[in-house]
Amino acid sequence: MRDVSIVGLGQTPVGEHWDTSLRELGFRALESALKDAKAERVEALYVGNMLSGHLTGQEHIAALIADFAGLRGIEAIKIEAACASGAAALRVGYAMVAGGLADLVAVVGVEKMTDQAPETVTAAMSMGVDADYEAMQGLTHMGVGAMLMRRYMHEHGFKREDFANFAITAHANAAGNPNAMYRSPISARLFNEAKPIADPISMFDSAPAADGAACVILAPTEIAREFSDKPVRIRASAVATDTVAADDRRDPLYLEAAAISAQKAFAAAGLGPDDIDLLETHDAFTILSALSLEACGFAPRGGGVRLAQNGEIGLRGRIPITTMGGLKARGNPVGAAGLYQIVEVAQQMRGDAGVNQVANARLGMAQNIGGTGGTVVTTILERL
Amino acid sequence: MEVARYWRTTRQRYQLVGEVCPNCSGKIFPPRDVCPTCEKEAKTPFAFSGVGEVYSYSTVYQAAAGYEKATPYTVAMIRLAEGPLVSAQLTDIDDKDVAIGMPVEMVTRVLREDGDRGMLVYGYKFRPVMV
Amino acid sequence: MMKASRPVGIVGYGSYVPRYRLPAQEVSQLWTDGNSPVPVREKSVNGIDEDVATMSIEAARNALKRSGVEPQDIGAVWVGSESHPYAVKPTSTIVAEAIGATPYTQAADWQFACKAGTEAFQASIGFVAGGMTRYAMAIGMDAAQGRPGDALEYTAGAGGAAFLVGAADEAIAEVEASLSFVTDTPDFWRRQYEKFPEHAGRFTGEPAYFHHVTSAASKLMSEMGLTSKDFDYFVCHQPNAKFPLKAGEELGFSRDQMKAGMLVNDIGNTYAGSCMIGLTAIMDIAKPGERILVTSFGSGAGSDAFSIRMLRASEPRGAISTRAYVERRKVIDYAMYTRLKGYYKLN
């Protein structure tokens with residue numbers, strides 16, 4: 001197996017791209033990543049996307065974007081794993097390069113959500129939970145997240161207000177990210193007074209649906225410096241699954257797929273939580289950050305919220321998370337979210353994170369969660 | 001809502017019929033034909049009593065398309081007396097009165113309708129125990 | 001008079017009333033500045049997720065619990081209503097499936113305005129007595145419609161009851177005899193594709209309701225050689241608080257004989273469920289040997305009368321009593337009522 005590095009980064013700003021289509025978004029991220037890698041062509045394109053069929057009536061988008069980018073003829077495939085589609089696509093691109101099937105590969109994560117009405121987007125997002133036994137009952141993706149949060153509060157004795165620092169941190173970091181959707185800081189008071197959308201989740205606990213695309217170019221590490229002065233090595237990549245329905249899990253408050261994929265990634269890299277300098281959590285809801293921190297071993301059970309309360313998740317904290325704003329404040333173009341995480345960790349590894357730079361960051365981790373934990377992709381990147 | 005998709009799960013939805021594992025006697029809902037504990041075949045039907053308690057809940061203010069009519073409504077994860085957790089709406093209760101641990105019982109209700117012309121979808125919900 | 005050749009009775013019964021109540025004063029306030037007198041105190045309103053099928057299922061489950069009968073032994077599931085959820089597609093198959101009586105069973109929907117339930121009950125008696133099946137489930141249930149502002153809106157309620165009919169030797173109460181009285185009297189109707197029923201105003205009283213109720217009840221009593229004194233309870237169709245009392249009075253019944261079955265002030269007019277749920281309230285408290293006269297009324301028009309004698313006190317066995325349903329109440333205002341009824345056009 002060959003060692004693989006990221007040699008090019010691209011992203012569009014996250015937000016409401018009224019004048020930009022799905023294919024254009026994908027192309028723009030791809031174009032800027034290619035430019036960053038000083039490359040003109042790739043051998044293959046893997047596109048992470050969750051909802052193109054439902055929200056834009058378009059499947060087959062990998063070929064569409066390849067053609068639109070002037071890459072007609074190359075291998076191009078869409079990868080879907082609900083909200084974990086982005087990092088799942090990276091996993092496929094990584095395997096192609098590592099296995100020697102391709103030398104230069106582009107991985108794009110793209111989602112176009114603002115063309116549709118909120119109830120349609122809510123229904124679409126709920127396709128990531130169990131359609132027959134959760135969504136059919138009127139449960140939404142957020143509704144399931146809310147029930148996990150409520151139970152967590154019940155078991156560990158927290159109040160909703162105790163989650164505030166996850167959102168405050170995300171918003172504070174987004175202020176320094178020119179590609180973030182919400183670049184204004186929020187106060188604890190604003191968080192505490194927010195009205196519920198799915199009680200106890202309020203708008204400040206949940207990430208906003210948005211348009212956006214992110215892209216990385218992958219190459220074997222041995223030739224990485226032909227493309228980039230600052231290649232970022234993929235130290236580990238792991239995927240694990242769990243039941244799609246949260247109620248089928250042995251313990252709904254323990255994200256088993258997050259734990260398994262983190263353990264696999266740590267084992268492959270010969271690392272542990274203490275070695276990691278920053279973590280991009282999948283903060284679609286504040287509770288998911290807490291559960292992710294716990295499943296990966298950064299905090300004991302019930303300790304994820306405590307980390308946030310103690311300010312240990314800030315850029316200068318013990319384990320900085322959502323360093324560029326997270327899904328919460330950078331925005332959540334759902335199938336692209338996992339790729340944004342990768343691009344952002346790579347920015348940190350390169351030392352290109354600007355005012356959000358985590359000092360001396362050498363090892364960064366991203367955890368991309370599909371649905372409410374049915375698929376979890378863990379990736380560890382390393383500064384070379 | 002697709003007619004056949006609804007029809008083939010009628011027994012589960014109307015009567016809360018799941019399965020029991022012949023090996024470990026674990027009760028399974030929804031039916032999945034393989035015991036999640038033993039990972040062996042488990043196809044024996046088992047009718048749940050419909051009694052359980054609230055494990056967690058949330059009042060949903062932003063419903064998915066097709067569920068707007070009853071918004072806001074409260075969803076819950078119910079720990080059935082026989083063991084499994086099941087997700088469903090709570091009904092016949094004011095949102096403020098719901099609490100973790102409260103005893104509930106299964107009732108059959110209309111889950112949704114497909115406009116004025118489509119099919120009515122019936123299934124299980126839970127309400128505070130009456131007896 | 002109809003008398004079964006083999007003794008038949010009620011082996012189980014159950015009722016259902018939804019949780020919501022609309023005070024009649026709310027209707028009066030909205031449409032008449034509160035000037036219109038109210039025909040009942042309040043009426044029951046089905047929740048947004050309830051219809052005749054779901055309410056019938058719960059009533060039938062209560063009946064099954066009380067009987068101890070295995071659902072697979074039920075040979076007929078019949079639902080009488082004038083508010084079946086589908087214009088075409090049976091309610092009864094939904095109910096039969098939900099209570100576990102399918103697939104080897106008869107199932108049908110009945111329709112005769114407010115006496116659809118008692119005619120299903122009457123047919124059940126014949127079905128069981130004739131040996132066609134061991135048990136038959138007869139349900140009268142409605143989620144009644146009343147045009148906004150119309151007199152019916154004050155009273156049109158939701159609820160009803162289910163009766164499991166079987167051999168008298170295993171029954172809680174025996175059905176001693178029954179009689180039907182029908183004429184073509186168009187006092188109330190709903191045309192195809194119309195949402196709300198029409199009625200003929202005061203014509204619904206004397207020539208319709210009173211004529212049919214009293215004719216059926218008095219004829220049954222005289223054929224049986226009985227008088228009102230021989231009955232401990234009388235319950236009849238309850239379109240408002242006045243009519244049943246007046247009809248009972250004409251037949252020689254005292255307020256005491258009528259009290260137990262009178263639910264109209266609490267739950268409104270439950271149409272096909274009206275006298276049937278009244279009967280369940282009586283059976284919940286009646287003692288062995290006591291006799292009950294039941295008389296329905298369906299517009300169009302007709303009445304079914306039944307003489308029922310209690311054989312033993314009924315045991316709930318986990319079934320919910322009618323009183324418990326009546327006392328479970330959440331008062332709503334007119335705005336919430338219109339929402340529950342689906343009057344707002346959402347999409």
# chains A, B, ... in the order shown; residues from 1 in each chain; ligands from 1
$ closest_atom_pairs --of "chain B" --to "chain C" --cutoff "12 Å" --atoms "only C-alpha atoms" --output "Markdown table"
| residue | atom | partner | partner_atom | distance |
| --- | --- | --- | --- | --- |
| B:Trp7 | CA | C:Ile94 | CA | 11.1 |
| B:Thr9 | CA | C:Glu97 | CA | 11.7 |
| B:Thr10 | CA | C:Glu97 | CA | 8.1 |
| B:Arg11 | CA | C:Ala98 | CA | 7.4 |
| B:Gln12 | CA | C:Ala98 | CA | 9.6 |
| B:Arg13 | CA | C:Ala98 | CA | 8.6 |
| B:Tyr14 | CA | C:Ala98 | CA | 4.9 |
| B:Gln15 | CA | C:Ala98 | CA | 5.6 |
| B:Leu16 | CA | C:Ala98 | CA | 9.4 |
| B:Val17 | CA | C:Gly100 | CA | 10.4 |
| B:Ala47 | CA | C:Gly100 | CA | 10.3 |
| B:Ala65 | CA | C:Asn347 | CA | 10.4 |
| B:Gly66 | CA | C:Asn347 | CA | 9.8 |
| B:Tyr67 | CA | C:Asp49 | CA | 10.9 |
| B:Glu68 | CA | C:Leu346 | CA | 8.2 |
| B:Lys69 | CA | C:Leu346 | CA | 7.4 |
| B:Ala70 | CA | C:Ile48 | CA | 6.7 |
| B:Thr71 | CA | C:Ile48 | CA | 10.3 |
| B:Pro72 | CA | C:Ile48 | CA | 11.8 |
| B:Tyr73 | CA | C:Ile48 | CA | 10.7 |
| B:Gln89 | CA | C:Asp49 | CA | 10.5 |
| B:Leu90 | CA | C:Asp49 | CA | 10.8 |
| B:Thr91 | CA | C:Asp49 | CA | 8.3 |
| B:Asp92 | CA | C:Arg19 | CA | 6.6 |
| B:Ile93 | CA | C:Arg19 | CA | 9.1 |
| B:Asp94 | CA | C:Lys330 | CA | 9.4 |
| B:Glu105 | CA | C:Glu58 | CA | 11.8 |
| B:Met106 | CA | C:Glu58 | CA | 10.2 |
| B:Val107 | CA | C:Glu58 | CA | 7.3 |
| B:Thr108 | CA | C:Thr54 | CA | 5.8 |
| B:Arg109 | CA | C:Thr54 | CA | 5.4 |
| B:Val110 | CA | C:Asp49 | CA | 4.7 |
| B:Leu111 | CA | C:Asp49 | CA | 6.6 |
| B:Arg112 | CA | C:Asp49 | CA | 7.9 |
| B:Glu113 | CA | C:Asp49 | CA | 9.8 |
| B:Asp114 | CA | C:Asn347 | CA | 11.0 |
| B:Gly115 | CA | C:Asn347 | CA | 8.2 |
| B:Asp116 | CA | C:Asn347 | CA | 9.9 |
| B:Arg117 | CA | C:Tyr86 | CA | 9.8 |
| B:Gly118 | CA | C:Tyr86 | CA | 10.2 |
| B:Met119 | CA | C:Tyr86 | CA | 9.0 |
| B:Leu120 | CA | C:Pro85 | CA | 8.4 |
| B:Val121 | CA | C:Asp49 | CA | 10.1 |
| B:Tyr122 | CA | C:Thr54 | CA | 8.1 |
| B:Gly123 | CA | C:Ala98 | CA | 9.4 |
| B:Tyr124 | CA | C:Thr54 | CA | 10.3 |
| B:Lys125 | CA | C:Asp49 | CA | 9.6 |
| B:Phe126 | CA | C:Asp49 | CA | 11.9 |
| B:Arg127 | CA | C:Arg19 | CA | 11.2 |
| B:Pro128 | CA | C:Arg328 | CA | 11.4 |
| B:Val129 | CA | C:Ile320 | CA | 10.4 |
| B:Met130 | CA | C:Ile320 | CA | 7.3 |
| B:Val131 | CA | C:Ile320 | CA | 6.1 |
$ residues_around --residues "Phe298 of chain A" --least-positions-apart "3" --cutoff "10 Å" --atoms "only C-alpha atoms" --output "PyMOL selection string"
chain A and resi 272-274+276+279+290+292-295+301+303-304+307+318-319
$ closest_residue --among "C:Met132, C:Met1, C:Ala87, C:Met141" --to "Ser222 of chain C" --atoms "only C-alpha atoms"
C:Met1
$ residues_around --residues "Glu41 of chain B" --least-positions-apart "5" --cutoff "9 Å" --atoms "only C-alpha atoms" --output "short mmCIF file (atom, residue, chain, number, x, y, z; two decimals) with N, CA and C atoms, in the first residue's frame"
data_model
loop_
_atom_site.label_atom_id
_atom_site.label_comp_id
_atom_site.auth_asym_id
_atom_site.auth_seq_id
_atom_site.Cartn_x
_atom_site.Cartn_y
_atom_site.Cartn_z
N CYS B 21 -36.12 -14.19 19.58
CA CYS B 21 -34.98 -15.03 19.18
C CYS B 21 -35.11 -16.40 19.83
N PRO B 22 -35.11 -17.48 19.03
CA PRO B 22 -35.25 -18.82 19.61
C PRO B 22 -34.03 -19.20 20.46
N ASN B 23 -32.95 -18.50 20.27
CA ASN B 23 -31.71 -18.83 20.97
C ASN B 23 -31.62 -18.15 22.33
N ASP B 33 -35.41 -10.38 11.44
CA ASP B 33 -35.12 -11.77 11.06
C ASP B 33 -33.76 -12.28 11.54
N VAL B 34 -32.92 -11.41 12.06
CA VAL B 34 -31.63 -11.84 12.61
C VAL B 34 -31.52 -11.21 13.99
N CYS B 35 -31.24 -12.03 14.99
CA CYS B 35 -31.14 -11.50 16.36
C CYS B 35 -29.92 -10.59 16.46
#
$ interface_residues --of "chain B" --to "chain A" --cutoff "9 Å" --atoms "only C-alpha atoms" --output "PyMOL selection string"
chain B and resi 5-6+29-30+36+55-68+73-78+84-89+100+111-112+123-125
$ residues_around --residues "segment 66-77 of chain A" --least-positions-apart "6" --cutoff "10 Å" --atoms "only C-alpha atoms" --output "list in words"
Arg23, Glu24, Gly26, Phe27, Arg28, Leu30, Glu31, Glu40, Arg41, Val42, Glu43, Ala44, Leu45, Tyr46, Val47, Gly48, His60, Ala89, Val92, Val105, Ala106 and Val107 of chain A
$ residues_around --residues "Glu82 of chain C" --least-positions-apart "6" --cutoff "7 Å" --atoms "only C-alpha atoms" --output "mmCIF file with all heavy atoms, in the first residue's frame"
data_model
loop_
_atom_site.group_PDB
_atom_site.id
_atom_site.type_symbol
_atom_site.label_atom_id
_atom_site.label_comp_id
_atom_site.auth_asym_id
_atom_site.auth_seq_id
_atom_site.Cartn_x
_atom_site.Cartn_y
_atom_site.Cartn_z
ATOM 1 N N GLN C 111 -74.073 1.520 7.136
ATOM 2 C CA GLN C 111 -74.422 2.916 7.030
ATOM 3 C C GLN C 111 -75.932 3.066 7.160
ATOM 4 O O GLN C 111 -76.694 2.438 6.427
ATOM 5 C CB GLN C 111 -73.934 3.449 5.671
ATOM 6 C CG GLN C 111 -73.996 4.957 5.517
ATOM 7 C CD GLN C 111 -75.287 5.407 4.888
ATOM 8 O OE1 GLN C 111 -76.134 6.010 5.541
ATOM 9 N NE2 GLN C 111 -75.460 5.130 3.618
ATOM 10 N N ALA C 113 -77.178 6.450 8.853
ATOM 11 C CA ALA C 113 -77.041 7.625 9.712
ATOM 12 C C ALA C 113 -76.647 7.179 11.126
ATOM 13 O O ALA C 113 -75.736 6.392 11.276
ATOM 14 C CB ALA C 113 -78.299 8.474 9.693
ATOM 15 N N ASP C 142 -68.450 7.305 15.490
ATOM 16 C CA ASP C 142 -68.488 8.446 14.583
ATOM 17 C C ASP C 142 -67.540 9.544 15.016
ATOM 18 O O ASP C 142 -67.233 9.690 16.199
ATOM 19 C CB ASP C 142 -69.919 9.017 14.472
ATOM 20 C CG ASP C 142 -70.588 8.615 13.162
ATOM 21 O OD1 ASP C 142 -70.007 8.920 12.095
ATOM 22 O OD2 ASP C 142 -71.657 7.982 13.205
#
$ select_by_dssp --residues "chain B" --states "alpha helix (DSSP H)" --output "list of chain:residue names"
B:Val3, B:Ala4, B:Arg5, B:Tyr6, B:Trp7, B:Thr10, B:Arg11, B:Gln12, B:Arg13, B:Tyr14, B:Gln15
$ residues_around --residues "Asp109 of chain C" --least-positions-apart "6" --cutoff "7 Å" --atoms "only C-alpha atoms" --output "list in words"
Trp78, Val79, Gly80, Pro90, Thr91 and Ser92 of chain C
$ select_by_dssp --residues "chain B" --states "strand (DSSP E)" --output "short mmCIF file (atom, residue, chain, number, x, y, z; two decimals) with C-alpha atoms, in the first residue's frame"
data_model
loop_
_atom_site.label_atom_id
_atom_site.label_comp_id
_atom_site.auth_asym_id
_atom_site.auth_seq_id
_atom_site.Cartn_x
_atom_site.Cartn_y
_atom_site.Cartn_z
CA VAL B 17 -45.73 -7.58 16.15
CA GLY B 18 -41.99 -8.17 16.20
CA GLU B 19 -39.92 -11.29 16.70
CA VAL B 20 -38.39 -13.39 19.44
CA LYS B 27 -37.48 -9.70 21.86
CA ILE B 28 -36.94 -7.84 18.61
CA THR B 44 -40.63 -16.32 15.31
CA PRO B 45 -43.36 -13.66 15.51
CA PHE B 46 -43.88 -12.03 18.88
CA ALA B 47 -46.70 -9.64 19.81
CA VAL B 51 -46.62 -1.03 27.38
CA GLY B 52 -43.40 0.85 28.01
CA GLU B 53 -41.84 4.02 29.33
CA VAL B 54 -40.38 7.15 27.81
CA TYR B 55 -36.60 6.87 27.32
CA SER B 56 -36.28 10.28 25.72
CA TYR B 57 -38.44 12.75 23.80
CA SER B 58 -38.45 15.93 21.77
CA THR B 59 -41.10 18.34 20.62
CA VAL B 60 -40.60 18.89 16.90
CA TYR B 73 -45.78 17.31 17.95
CA THR B 74 -43.77 15.25 20.40
CA VAL B 75 -41.68 12.28 19.37
CA ALA B 76 -40.21 9.80 21.79
CA MET B 77 -38.05 6.76 22.17
CA ILE B 78 -40.02 4.23 24.17
CA ARG B 79 -38.42 1.44 26.18
CA LEU B 80 -40.93 -1.38 25.69
CA LEU B 85 -36.49 0.72 22.21
CA VAL B 86 -38.99 1.97 19.63
CA SER B 87 -39.40 5.46 18.20
CA ALA B 88 -42.87 6.94 17.82
CA GLN B 89 -44.97 10.01 18.40
CA PRO B 103 -45.37 4.98 31.59
CA VAL B 104 -47.03 4.91 28.17
CA GLU B 105 -49.15 2.51 26.14
CA MET B 106 -49.49 1.86 22.43
CA VAL B 107 -52.47 3.16 20.47
CA THR B 108 -53.20 2.94 16.76
CA ARG B 109 -53.52 6.33 15.09
CA VAL B 110 -53.30 8.06 11.73
CA LEU B 111 -49.61 8.80 11.11
CA ARG B 112 -50.12 10.81 7.97
CA GLU B 113 -52.27 11.19 4.90
CA LEU B 120 -54.32 7.13 5.08
CA VAL B 121 -51.32 5.72 6.91
CA TYR B 122 -52.13 4.13 10.27
CA GLY B 123 -49.57 3.03 12.82
CA TYR B 124 -48.50 3.02 16.43
CA LYS B 125 -48.18 6.01 18.71
CA PHE B 126 -47.96 6.05 22.48
CA ARG B 127 -49.96 7.89 25.13
CA PRO B 128 -49.87 8.11 28.91
#
$ closest_residue --among "C:Phe203, C:Phe196, C:Tyr271, C:Phe181" --to "Ala305 of chain C" --atoms "only C-alpha atoms"
C:Phe181
$ residues_around --residues "Gly335 of chain A" --least-positions-apart "3" --cutoff "7 Å" --atoms "only C-alpha atoms" --output "PyMOL selection string"
chain A and resi 48-50+82-86+109-111
$ closest_residue --among "C:Gly159, C:Gly140, C:Gly302, C:Pro71" --to "Pro207 of chain C" --atoms "only C-alpha atoms"
C:Gly302
